[in-house]
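Below is one structure, written out as structure tokens; the observations come after it.
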Protein chains: 2
Amino acid sequence: MYSIGLDFGTNSVRCVIVELESGEIVCESVANYPSGIDGVIIDDKNPHLARQNPSDWLICLEKVVKNAIKKGRKLKSFSEDKIVGIGVDTTGSTPLPVDENLTPLSFYDEFKNNPNAMAWLWKDHTSSDEAEEITELARKTRPHYLRKIGGVYSSEWFFSKLLHLARTDRKVFEKMATFIEFADYIPAVLCGIKNPKKVKRSICAAGHKALYHKEWGGLPDNEFLGNLDPLFKNIREKLYDEAYSAGKVAGYLCEEWAKKLKIPEKIPVSVGGFDAHFGAVGAGIKEGVLVKVIGTSTCDMMISKKVTDVPGVCGIFPDSIVPGYLGIEAGQSAVGDIFYWFVKRFMPDFVQNPYQYLMKKASKIKPGQTGLLCLDWHNGNRSILVDQKLTGLILGFTLNTKPEEVFRCLIEATGFGARRIIEQIEKYGVKIKEIIATGGIPEKNPLLMQIYSDIFGKEIKISDVPQTCATGAAIFGAIAGKYFKNVKVAQEKICKFKKFKYTPDFKNKKIYDKLYSLYKNLHDAFGTKNYRKSLYHVMKELLKIKDEVSFQ
Amino acid sequence: MYSIGLDFGTNSVRCVIVELESGEIVCESVANYPSGIDGVIIDDKNPHLARQNPSDWLICLEKVVKNAIKKGRKLKSFSEDKIVGIGVDTTGSTPLPVDENLTPLSFYDEFKNNPNAMAWLWKDHTSSDEAEEITELARKTRPHYLRKIGGVYSSEWFFSKLLHLARTDRKVFEKMATFIEFADYIPAVLCGIKNPKKVKRSICAAGHKALYHKEWGGLPDNEFLGNLDPLFKNIREKLYDEAYSAGKVAGYLCEEWAKKLKIPEKIPVSVGGFDAHFGAVGAGIKEGVLVKVIGTSTCDMMISKKVTDVPGVCGIFPDSIVPGYLGIEAGQSAVGDIFYWFVKRFMPDFVQNPYQYLMKKASKIKPGQTGLLCLDWHNGNRSILVDQKLTGLILGFTLNTKPEEVFRCLIEATGFGARRIIEQIEKYGVKIKEIIATGGIPEKNPLLMQIYSDIFGKEIKISDVPQTCATGAAIFGAIAGKYFKNVKVAQEKICKFKKFKYTPDFKNKKIYDKLYSLYKNLHDAFGTKNYRKSLYHVMKELLKIKDEVSFQ
């Protein structure tokens, strides 16, 4: 028997077919979004804007599934009627306005080129003022909302985006029948659901991004929303009251899409979820394990039976990652993106493969030897400051500073940012016994992995599942299809790890401890309101460490 | 009648012949030092080391004068016997150890490849520990020493270097008959002076770099020096008791060099001085005028009849720039060097002329629009913090930050650094009525000049003398040769200015005032011991200014 897993990323869609008895991925396919820059619609005049064209999703959905099935047909044991379920994950919070038939408003001629009628991609930052207002109002009138999301509502989330839409594009806002997450939209499309009220919304999107919690009866109440803006007075009518965990059945594959994809209709489709959460499941998340999805940005996830609120950790919600557990989510808003930015913008063009060149040179530098220290806030800080209005900082420049040194200090900075999150989670009582890394970076960047292990002082295992997110989606597809009883059983079959583990070098850790302490000084000085300590020692200690390390 | 001016820089020597009646430069020539990297001997293992081979100086001295004279001979009115004097300026503090015949120790076979036996170039920073010790001891026992040098003795200066030499290379130190400044060595060579006691030392080198002051009878006293280190107990015997101002006769051209240069012997040679000071004279320094020599680093100079001590301003000494006036000197340890570093290291190679490319792109950016802020301390801070152990900082990075934005923010940072010096000088009672810019940058970088004018809120005139330093040297040559009575009379003949002046745009100044206030926050937070204010606003205000300016 087989399950199909679909993973809708920022630039492309990936599809896997998993053979459930062996737990092996037997087919993979990828399709890149055709619009914008690698699928992202931007605005030259507004660097905060990042949108996506929902038609790209549908084009790619058809393409990837058909390609995967085509590959499947070449396998002896495969046949379409052995598909027990389909699972879907997407980026998030990436909501879009749709009409009463679930048609995206950007499909209308009148809104065709209007970015507000498209999907508001997770990394769209046009709504930072609204995020501040929501945080402010909640702080005054609903402090319990903030405790679940680490204290600050983000500009990347559902209600910030919806409020900005309401205020800046009344036409789209009024035409909209509902604002729906990407992760809810795709399963609904597959199942042919046309009525917004019939869509089973994902609890992971609802909880982590839309302040949904059983404790207060679902979404924020009408009074709170109305106080945000009179435009929001009746907004709950356009939204939803119930959310469902992944593995529950969202619906069954409709005739139209069964024909398009050339597979049987009525296959169960799981309730959707976010790529990172499904990736955590695909990577092997369980109690005591921190799963780090390291890519353009980073997502840190844990599950726990019982945990208090953790300030600055963006979400702690029941059932959001694995049903039956509280899901804990934190993250860094840019990791790979920072390296990409540096290489693309600042790396002299004299080498063929600048990444490889920098990696090789940076590997030869000892910890502390660059004399540089960086705050990895080029895209704001998601955890634990939850503040989009922060920016990157590098200090320690001399007239001898070389690109490979900056590159290494950028990697180290993301490691320090990651350590700050680990310390916060452990401080609030969740013990981390093991770290599993997955995502685009762990296999491509052994230097980063070793630096992280040294900075954390912890062993790091690497997932050996090629597409953890899509595989997580296939796991939930198989659960919806009743092939597996629960996540744990499925993971035992499917999750695998590389033999090689990264183990910390404690000599390096000692130096990184010193650098991390300086990192925290800068972190608190620029990122918190009440820091009043001197920074006079920072440059001097960096120079001292540099001298000590260089002449060793 | 004619005067020869010689300017020994970091990488090359320039020679001018000035026709004294018209005040015109009639010949110019240049010679590049053959050794090291552009004349600088470095050590891959020690980035602080920067030395120079004195044999380069002599090779180039012969070459530039001969070339200039060769050009002169083509002129109708010129003949060698019309040369009334020779003036010499050099970099400083660039001292070298010599033997009892004034032979550089690096000319000995046994010391040939020993950088300690060479000249210790001004930008050599191996002696920062010694600089701290000297400052510390003076603070405790001779506080009046520090008042003249802005409060801190620098690692770039004479006694720091001599103490480091004494401690790290006993052989060279013991062989040495005296430690002599570049600016004293070259006139002595030209005059054939072999006895170290007969060399007329420059008061500008002695005052600004060696704690020489009439107030306490010349160089620091034996007790102070002996307390620094027992090795210094009798060091004054190897040094000097008297120093002389430029324009005084150091001696007369000797037979040997007259033959080499093919000009008559016995031409008066002026007492030497530092390039920046002579440049200020060549540019037209007078009371109320700030002369900024803007090049790889920056030197800010004024003269005044009466001034109190200015904390953080590296020197205030009688007769050091213009005889009869107190010379005031401040500066920035890297300006052009920072741009060069950035372009060389980080500018992608896809353009033919990266400077021009960046300048063009950066010109189109409005003040505040980069969102970036930089501390221009890539080579430490000379004024007003006088602290070599500081490093460069850039903050405000986003994933959209472009090289031209960094380039512009580096220029702006040097402007803020310059404004901090201006404010300090004015605060202590020296009014700046006019700014004259000279050096390599003003003509090459109109963007920088306009940014400076906007940041200062002051008009800036550009000197139209092609080689201000060498011309200043020619002025002192002519004074030594008794053609001019004093500097003022000479300047009236020789100093000229471009018609175009930079005038401040007060709309830009308003934005720069805000950025400068943030710059000062960072400056004081990282550069002073007792700053205890929050920096939480810095990134946020930069983003706010960026948004305001971008959407204007």
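For the structure tokens, the naming scheme is as follows: chains receive sequential letters (A, B, ...) according to their order of presentation, residues are indexed from 1 within each chain, and ligands are indexed from 1 in presentation order.
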
Taking only range 22-80 of chain A into account, list the residues labelled strand (DSSP E or B) by DSSP (computed from the backbone), as a PDB file with all heavy atoms, in the first residue's frame.
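Output file result.pdb is given in full below:
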```pdb
ATOM      1  N   GLU A  24       9.717   2.981   2.722  1.00  0.00           N
ATOM      2  CA  GLU A  24      10.612   3.640   1.768  1.00  0.00           C
ATOM      3  C   GLU A  24       9.868   4.623   0.876  1.00  0.00           C
ATOM      4  O   GLU A  24       8.738   4.355   0.445  1.00  0.00           O
ATOM      5  CB  GLU A  24      11.288   2.598   0.848  1.00  0.00           C
ATOM      6  CG  GLU A  24      12.217   1.627   1.538  1.00  0.00           C
ATOM      7  CD  GLU A  24      13.476   2.284   2.097  1.00  0.00           C
ATOM      8  OE1 GLU A  24      13.897   3.336   1.570  1.00  0.00           O
ATOM      9  OE2 GLU A  24      14.026   1.742   3.089  1.00  0.00           O
ATOM     10  N   ILE A  25      10.547   5.740   0.567  1.00  0.00           N
ATOM     11  CA  ILE A  25      10.037   6.643  -0.472  1.00  0.00           C
ATOM     12  C   ILE A  25      10.378   5.994  -1.800  1.00  0.00           C
ATOM     13  O   ILE A  25      11.559   5.764  -2.100  1.00  0.00           O
ATOM     14  CB  ILE A  25      10.716   8.017  -0.370  1.00  0.00           C
ATOM     15  CG1 ILE A  25      10.331   8.688   0.936  1.00  0.00           C
ATOM     16  CG2 ILE A  25      10.356   8.891  -1.555  1.00  0.00           C
ATOM     17  CD1 ILE A  25      11.082   9.971   1.217  1.00  0.00           C
ATOM     18  N   VAL A  26       9.390   5.711  -2.613  1.00  0.00           N
ATOM     19  CA  VAL A  26       9.666   5.016  -3.876  1.00  0.00           C
ATOM     20  C   VAL A  26       9.664   5.962  -5.071  1.00  0.00           C
ATOM     21  O   VAL A  26      10.257   5.667  -6.103  1.00  0.00           O
ATOM     22  CB  VAL A  26       8.713   3.825  -4.092  1.00  0.00           C
ATOM     23  CG1 VAL A  26       9.021   2.711  -3.089  1.00  0.00           C
ATOM     24  CG2 VAL A  26       7.253   4.253  -3.993  1.00  0.00           C
ATOM     25  N   CYS A  27       8.976   7.110  -4.955  1.00  0.00           N
ATOM     26  CA  CYS A  27       9.006   8.104  -6.042  1.00  0.00           C
ATOM     27  C   CYS A  27       9.060   9.510  -5.450  1.00  0.00           C
ATOM     28  O   CYS A  27       8.465   9.766  -4.413  1.00  0.00           O
ATOM     29  CB  CYS A  27       7.747   8.069  -6.906  1.00  0.00           C
ATOM     30  SG  CYS A  27       7.293   6.473  -7.496  1.00  0.00           S
ATOM     31  N   GLU A  28       9.747  10.383  -6.183  1.00  0.00           N
ATOM     32  CA  GLU A  28       9.777  11.801  -5.806  1.00  0.00           C
ATOM     33  C   GLU A  28       9.594  12.638  -7.058  1.00  0.00           C
ATOM     34  O   GLU A  28      10.037  12.241  -8.135  1.00  0.00           O
ATOM     35  CB  GLU A  28      11.157  12.164  -5.248  1.00  0.00           C
ATOM     36  CG  GLU A  28      11.432  11.706  -3.854  1.00  0.00           C
ATOM     37  CD  GLU A  28      12.845  12.125  -3.420  1.00  0.00           C
ATOM     38  OE1 GLU A  28      13.148  13.326  -3.448  1.00  0.00           O
ATOM     39  OE2 GLU A  28      13.626  11.220  -3.079  1.00  0.00           O
ATOM     40  N   SER A  29       8.978  13.798  -6.914  1.00  0.00           N
ATOM     41  CA  SER A  29       8.981  14.748  -8.026  1.00  0.00           C
ATOM     42  C   SER A  29       8.885  16.163  -7.484  1.00  0.00           C
ATOM     43  O   SER A  29       8.463  16.381  -6.349  1.00  0.00           O
ATOM     44  CB  SER A  29       7.826  14.459  -8.992  1.00  0.00           C
ATOM     45  OG  SER A  29       6.593  14.676  -8.343  1.00  0.00           O
ATOM     46  N   VAL A  30       9.296  17.100  -8.305  1.00  0.00           N
ATOM     47  CA  VAL A  30       9.324  18.515  -7.896  1.00  0.00           C
ATOM     48  C   VAL A  30       8.783  19.359  -9.032  1.00  0.00           C
ATOM     49  O   VAL A  30       8.981  19.029 -10.208  1.00  0.00           O
ATOM     50  CB  VAL A  30      10.774  18.982  -7.630  1.00  0.00           C
ATOM     51  CG1 VAL A  30      10.793  20.411  -7.091  1.00  0.00           C
ATOM     52  CG2 VAL A  30      11.479  18.053  -6.674  1.00  0.00           C
ATOM     53  N   ALA A  31       8.088  20.453  -8.689  1.00  0.00           N
ATOM     54  CA  ALA A  31       7.688  21.423  -9.714  1.00  0.00           C
ATOM     55  C   ALA A  31       7.880  22.826  -9.151  1.00  0.00           C
ATOM     56  O   ALA A  31       7.500  23.106  -8.014  1.00  0.00           O
ATOM     57  CB  ALA A  31       6.232  21.200 -10.105  1.00  0.00           C
ATOM     58  N   ASN A  32       8.494  23.692  -9.950  1.00  0.00           N
ATOM     59  CA  ASN A  32       8.750  25.066  -9.507  1.00  0.00           C
ATOM     60  C   ASN A  32       7.618  25.993  -9.914  1.00  0.00           C
ATOM     61  O   ASN A  32       7.111  25.911 -11.035  1.00  0.00           O
ATOM     62  CB  ASN A  32      10.052  25.574 -10.124  1.00  0.00           C
ATOM     63  CG  ASN A  32      11.237  24.763  -9.634  1.00  0.00           C
ATOM     64  OD1 ASN A  32      11.381  24.510  -8.440  1.00  0.00           O
ATOM     65  ND2 ASN A  32      12.068  24.306 -10.570  1.00  0.00           N
ATOM     66  N   ILE A  37       9.529  35.963  -8.847  1.00  0.00           N
ATOM     67  CA  ILE A  37      10.926  35.545  -8.711  1.00  0.00           C
ATOM     68  C   ILE A  37      10.920  34.265  -7.902  1.00  0.00           C
ATOM     69  O   ILE A  37      10.651  34.285  -6.701  1.00  0.00           O
ATOM     70  CB  ILE A  37      11.752  36.645  -8.027  1.00  0.00           C
ATOM     71  CG1 ILE A  37      11.814  37.865  -8.953  1.00  0.00           C
ATOM     72  CG2 ILE A  37      13.169  36.145  -7.705  1.00  0.00           C
ATOM     73  CD1 ILE A  37      12.460  39.072  -8.334  1.00  0.00           C
ATOM     74  N   VAL A  40       7.784  33.977  -5.983  1.00  0.00           N
ATOM     75  CA  VAL A  40       7.409  35.043  -5.045  1.00  0.00           C
ATOM     76  C   VAL A  40       7.155  36.343  -5.810  1.00  0.00           C
ATOM     77  O   VAL A  40       7.996  36.786  -6.590  1.00  0.00           O
ATOM     78  CB  VAL A  40       8.509  35.263  -3.980  1.00  0.00           C
ATOM     79  CG1 VAL A  40       8.085  36.334  -2.985  1.00  0.00           C
ATOM     80  CG2 VAL A  40       8.820  33.956  -3.275  1.00  0.00           C
ATOM     81  N   ILE A  41       5.968  36.914  -5.574  1.00  0.00           N
ATOM     82  CA  ILE A  41       5.629  38.194  -6.213  1.00  0.00           C
ATOM     83  C   ILE A  41       6.130  39.304  -5.291  1.00  0.00           C
ATOM     84  O   ILE A  41       5.743  39.350  -4.116  1.00  0.00           O
ATOM     85  CB  ILE A  41       4.091  38.344  -6.376  1.00  0.00           C
ATOM     86  CG1 ILE A  41       3.458  37.078  -6.953  1.00  0.00           C
ATOM     87  CG2 ILE A  41       3.741  39.600  -7.158  1.00  0.00           C
ATOM     88  CD1 ILE A  41       3.789  36.765  -8.371  1.00  0.00           C
ATOM     89  N   ILE A  42       6.981  40.160  -5.810  1.00  0.00           N
ATOM     90  CA  ILE A  42       7.499  41.249  -4.969  1.00  0.00           C
ATOM     91  C   ILE A  42       7.100  42.598  -5.566  1.00  0.00           C
ATOM     92  O   ILE A  42       6.539  42.669  -6.661  1.00  0.00           O
ATOM     93  CB  ILE A  42       9.024  41.169  -4.800  1.00  0.00           C
ATOM     94  CG1 ILE A  42       9.709  41.249  -6.174  1.00  0.00           C
ATOM     95  CG2 ILE A  42       9.442  39.894  -4.091  1.00  0.00           C
ATOM     96  CD1 ILE A  42      11.177  41.567  -6.081  1.00  0.00           C
ATOM     97  N   ASP A  43       7.409  43.657  -4.827  1.00  0.00           N
ATOM     98  CA  ASP A  43       7.082  45.009  -5.263  1.00  0.00           C
ATOM     99  C   ASP A  43       8.334  45.845  -5.056  1.00  0.00           C
ATOM    100  O   ASP A  43       8.814  45.990  -3.930  1.00  0.00           O
ATOM    101  CB  ASP A  43       5.924  45.542  -4.392  1.00  0.00           C
ATOM    102  CG  ASP A  43       5.549  46.978  -4.755  1.00  0.00           C
ATOM    103  OD1 ASP A  43       6.292  47.600  -5.552  1.00  0.00           O
ATOM    104  OD2 ASP A  43       4.542  47.463  -4.221  1.00  0.00           O
ATOM    105  N   ASN A  46       8.110  48.419  -2.421  1.00  0.00           N
ATOM    106  CA  ASN A  46       7.833  48.051  -1.038  1.00  0.00           C
ATOM    107  C   ASN A  46       8.538  46.742  -0.691  1.00  0.00           C
ATOM    108  O   ASN A  46       8.034  45.650  -0.962  1.00  0.00           O
ATOM    109  CB  ASN A  46       6.309  47.914  -0.854  1.00  0.00           C
ATOM    110  CG  ASN A  46       5.959  47.622   0.589  1.00  0.00           C
ATOM    111  OD1 ASN A  46       6.841  47.398   1.423  1.00  0.00           O
ATOM    112  ND2 ASN A  46       4.673  47.614   0.880  1.00  0.00           N
ATOM    113  N   PRO A  47       9.712  46.875  -0.100  1.00  0.00           N
ATOM    114  CA  PRO A  47      10.514  45.669   0.156  1.00  0.00           C
ATOM    115  C   PRO A  47       9.865  44.702   1.145  1.00  0.00           C
ATOM    116  O   PRO A  47      10.308  43.565   1.274  1.00  0.00           O
ATOM    117  CB  PRO A  47      11.813  46.225   0.736  1.00  0.00           C
ATOM    118  CG  PRO A  47      11.470  47.573   1.264  1.00  0.00           C
ATOM    119  CD  PRO A  47      10.358  48.096   0.395  1.00  0.00           C
ATOM    120  N   HIS A  48       8.820  45.154   1.853  1.00  0.00           N
ATOM    121  CA  HIS A  48       8.171  44.278   2.826  1.00  0.00           C
ATOM    122  C   HIS A  48       7.197  43.292   2.186  1.00  0.00           C
ATOM    123  O   HIS A  48       6.771  42.342   2.822  1.00  0.00           O
ATOM    124  CB  HIS A  48       7.412  45.118   3.861  1.00  0.00           C
ATOM    125  CG  HIS A  48       8.262  46.171   4.500  1.00  0.00           C
ATOM    126  ND1 HIS A  48       9.439  45.872   5.158  1.00  0.00           N
ATOM    127  CD2 HIS A  48       8.140  47.519   4.569  1.00  0.00           C
ATOM    128  CE1 HIS A  48       9.993  46.991   5.596  1.00  0.00           C
ATOM    129  NE2 HIS A  48       9.236  48.006   5.256  1.00  0.00           N
ATOM    130  N   LEU A  49       6.829  43.563   0.944  1.00  0.00           N
ATOM    131  CA  LEU A  49       5.764  42.770   0.315  1.00  0.00           C
ATOM    132  C   LEU A  49       6.278  41.458  -0.285  1.00  0.00           C
ATOM    133  O   LEU A  49       7.317  41.440  -0.952  1.00  0.00           O
ATOM    134  CB  LEU A  49       5.079  43.629  -0.763  1.00  0.00           C
ATOM    135  CG  LEU A  49       3.864  43.031  -1.465  1.00  0.00           C
ATOM    136  CD1 LEU A  49       2.804  44.122  -1.693  1.00  0.00           C
ATOM    137  CD2 LEU A  49       4.235  42.391  -2.792  1.00  0.00           C
ATOM    138  N   ALA A  50       5.565  40.366  -0.015  1.00  0.00           N
ATOM    139  CA  ALA A  50       5.890  39.056  -0.614  1.00  0.00           C
ATOM    140  C   ALA A  50       4.574  38.295  -0.779  1.00  0.00           C
ATOM    141  O   ALA A  50       3.939  37.931   0.216  1.00  0.00           O
ATOM    142  CB  ALA A  50       6.865  38.285   0.264  1.00  0.00           C
ATOM    143  N   ARG A  51       4.171  38.086  -2.007  1.00  0.00           N
ATOM    144  CA  ARG A  51       2.897  37.413  -2.260  1.00  0.00           C
ATOM    145  C   ARG A  51       3.121  36.204  -3.164  1.00  0.00           C
ATOM    146  O   ARG A  51       4.218  35.963  -3.651  1.00  0.00           O
ATOM    147  CB  ARG A  51       1.902  38.398  -2.924  1.00  0.00           C
ATOM    148  CG  ARG A  51       1.669  39.683  -2.129  1.00  0.00           C
ATOM    149  CD  ARG A  51       0.849  39.473  -0.872  1.00  0.00           C
ATOM    150  NE  ARG A  51       1.074  40.540   0.113  1.00  0.00           N
ATOM    151  CZ  ARG A  51       0.434  41.713   0.141  1.00  0.00           C
ATOM    152  NH1 ARG A  51      -0.515  41.974  -0.749  1.00  0.00           N
ATOM    153  NH2 ARG A  51       0.717  42.614   1.053  1.00  0.00           N
ATOM    154  N   GLN A  52       2.041  35.453  -3.366  1.00  0.00           N
ATOM    155  CA  GLN A  52       2.151  34.261  -4.199  1.00  0.00           C
ATOM    156  C   GLN A  52       0.864  34.103  -5.002  1.00  0.00           C
ATOM    157  O   GLN A  52      -0.224  34.445  -4.517  1.00  0.00           O
ATOM    158  CB  GLN A  52       2.382  33.053  -3.300  1.00  0.00           C
ATOM    159  CG  GLN A  52       3.082  31.913  -3.988  1.00  0.00           C
ATOM    160  CD  GLN A  52       3.986  31.146  -3.039  1.00  0.00           C
ATOM    161  OE1 GLN A  52       3.545  30.700  -1.993  1.00  0.00           O
ATOM    162  NE2 GLN A  52       5.246  30.974  -3.400  1.00  0.00           N
TER     163      GLN A  52
END
```

Q | All helix (DSSP H, G or I) residues (DSSP, backbone) inside range 286-477 of chain A, as an NGL selection string | A | :A and (336-346 or 354-363 or 403-427 or 441-444 or 446-456 or 468-477)

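Proximity to Leu231 in chain B at 10 Å, evaluated using only C-alpha atoms and with sequence-adjacent residues fewer than 6 positions away removed, yields Leu163, Ala166, Arg167, Arg170, Phe173, Glu174 and Leu225 of chain B.
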
Could the residues in this selection be written to a file with C-alpha atoms, as a PDB file, in the first residue's frame?
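Once written, again_37.pdb looks like this:
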```
ATOM      1  CA  LEU B 163      59.670  50.416  23.927  1.00  0.00           C
ATOM      2  CA  ALA B 166      63.597  47.375  23.249  1.00  0.00           C
ATOM      3  CA  ARG B 167      61.584  44.518  24.664  1.00  0.00           C
ATOM      4  CA  ARG B 170      67.437  43.365  22.295  1.00  0.00           C
ATOM      5  CA  PHE B 173      67.959  47.912  20.420  1.00  0.00           C
ATOM      6  CA  GLU B 174      71.509  47.676  21.724  1.00  0.00           C
ATOM      7  CA  LEU B 225      61.374  56.834  31.119  1.00  0.00           C
TER       8      LEU B 225
END
```

(Q) Please check the contacts: residues of chain B at most 8 Å away from chain A, using only C-alpha atoms, listed as number ranges by chain. (A) B: 47, 337-338, 341, 345-350, 377-379, 389-400, 402-403, 525-540, 543

Can I get the selected residues back with C-alpha atoms, as a tab-separated table (two decimals), in the first residue's frame?
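Output (again27.tsv):
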```tsv
chain	number	residue	atom	x	y	z
B	47	PRO	CA	48.48	41.66	11.11
B	337	ASP	CA	41.31	52.67	3.48
B	338	ILE	CA	37.81	51.60	4.54
B	341	TRP	CA	38.90	47.45	1.89
B	345	ARG	CA	37.18	42.43	-0.52
B	346	PHE	CA	33.45	42.54	-1.01
B	347	MET	CA	32.60	44.12	-4.31
B	348	PRO	CA	31.44	41.52	-6.80
B	349	ASP	CA	33.74	41.47	-9.79
B	350	PHE	CA	31.10	41.87	-12.46
B	377	TRP	CA	36.68	52.10	13.41
B	378	HIS	CA	38.13	49.50	11.05
B	379	ASN	CA	41.56	50.79	12.01
B	389	LYS	CA	41.47	48.54	20.20
B	390	LEU	CA	38.19	49.40	18.58
B	391	THR	CA	36.78	47.82	15.45
B	392	GLY	CA	34.29	48.59	12.71
B	393	LEU	CA	30.58	47.99	13.15
B	394	ILE	CA	27.71	48.01	10.68
B	395	LEU	CA	24.11	47.55	11.68
B	396	GLY	CA	20.80	47.78	9.90
B	397	PHE	CA	21.35	44.86	7.53
B	398	THR	CA	18.30	43.31	5.91
B	399	LEU	CA	18.16	40.59	3.28
B	400	ASN	CA	17.82	43.41	0.73
B	402	LYS	CA	23.04	46.03	-1.37
B	403	PRO	CA	26.77	46.76	-1.78
B	525	ALA	CA	28.33	52.78	23.93
B	526	PHE	CA	31.26	50.90	22.39
B	527	GLY	CA	33.95	53.56	22.77
B	528	THR	CA	33.56	54.89	26.31
B	529	LYS	CA	33.57	53.18	29.66
B	530	ASN	CA	30.61	54.69	31.42
B	531	TYR	CA	27.79	54.73	28.89
B	532	ARG	CA	24.72	53.14	30.43
B	533	LYS	CA	21.88	54.19	28.13
B	534	SER	CA	19.60	51.86	26.20
B	535	LEU	CA	20.33	51.11	22.53
B	536	TYR	CA	16.91	49.58	21.96
B	537	HIS	CA	15.82	52.55	19.84
B	538	VAL	CA	18.73	52.45	17.38
B	539	MET	CA	17.55	49.77	14.93
B	540	LYS	CA	13.97	50.92	15.23
B	543	LEU	CA	13.98	51.59	10.10
```

Near Lys499 in chain B, counting only C-alpha atoms, which residues have an atom at most 10 Å away, once you skip same-chain residues fewer than 5 positions from it, shown as a PDB file with N, CA and C atoms, in the first residue's frame?
```pdb
ATOM      1  N   LYS B 461      35.682  74.240   0.907  1.00  0.00           N
ATOM      2  CA  LYS B 461      36.486  74.671  -0.250  1.00  0.00           C
ATOM      3  C   LYS B 461      37.501  73.582  -0.583  1.00  0.00           C
ATOM      4  N   ILE B 462      37.846  73.452  -1.850  1.00  0.00           N
ATOM      5  CA  ILE B 462      38.841  72.437  -2.230  1.00  0.00           C
ATOM      6  C   ILE B 462      40.113  73.150  -2.686  1.00  0.00           C
ATOM      7  N   SER B 463      41.218  72.712  -2.125  1.00  0.00           N
ATOM      8  CA  SER B 463      42.500  73.272  -2.546  1.00  0.00           C
ATOM      9  C   SER B 463      42.741  72.937  -4.016  1.00  0.00           C
ATOM     10  N   ASP B 464      43.278  73.897  -4.775  1.00  0.00           N
ATOM     11  CA  ASP B 464      43.572  73.640  -6.186  1.00  0.00           C
ATOM     12  C   ASP B 464      45.074  73.470  -6.417  1.00  0.00           C
TER      13      ASP B 464
END
```

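Nearest to Ser35 in chain A of all the residues A:Met118, A:Ala243, A:Ile235, A:Leu211 is A:Met118, based on only C-alpha atoms.
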
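Atom pair CA of Ala210 in chain B / CA of Phe158 in chain B: separated by 5.5 Å.
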
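By chain and then residue number, the residues within 7 Å of range 292-307 of chain B are Ala276, Ala280, Ile285, Lys286, Tyr325, Leu326, Gly327, Ile328, Glu329, Ala330, Gly331, Gln332, Ser333, Ala334, Val335, Gly336, Asp337, Ile436, Ala437, Thr438, Gly439, Gly440, Ile441 and Pro442 of chain B, counting only C-alpha atoms and disregarding those fewer than 6 positions away in sequence.
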
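You will find CA of Val465 in chain A at 29.5 Å from CA of Cys409 in chain A.
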
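Interatomic distance, CA of Leu165 in chain A to CA of Ile180 in chain A: 13.2 Å.
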
Q: Extract, using only C-alpha atoms, all DNA, RNA and protein residues at most 10 Å from Lys63 in chain A, discarding same-chain residues fewer than 3 positions from it, and format them as a PyMOL selection string.
A: chain A and resi 13+15+29-32+57-60+66-68+260-261

Q.
Residues within 10 Å of Asp505 in chain A, please, as an NGL selection string. Count only C-alpha atoms; anything in the same chain fewer than 4 positions from it doesn't count.
A. :A and (450-451 or 453-455 or 457-458 or 509-510)
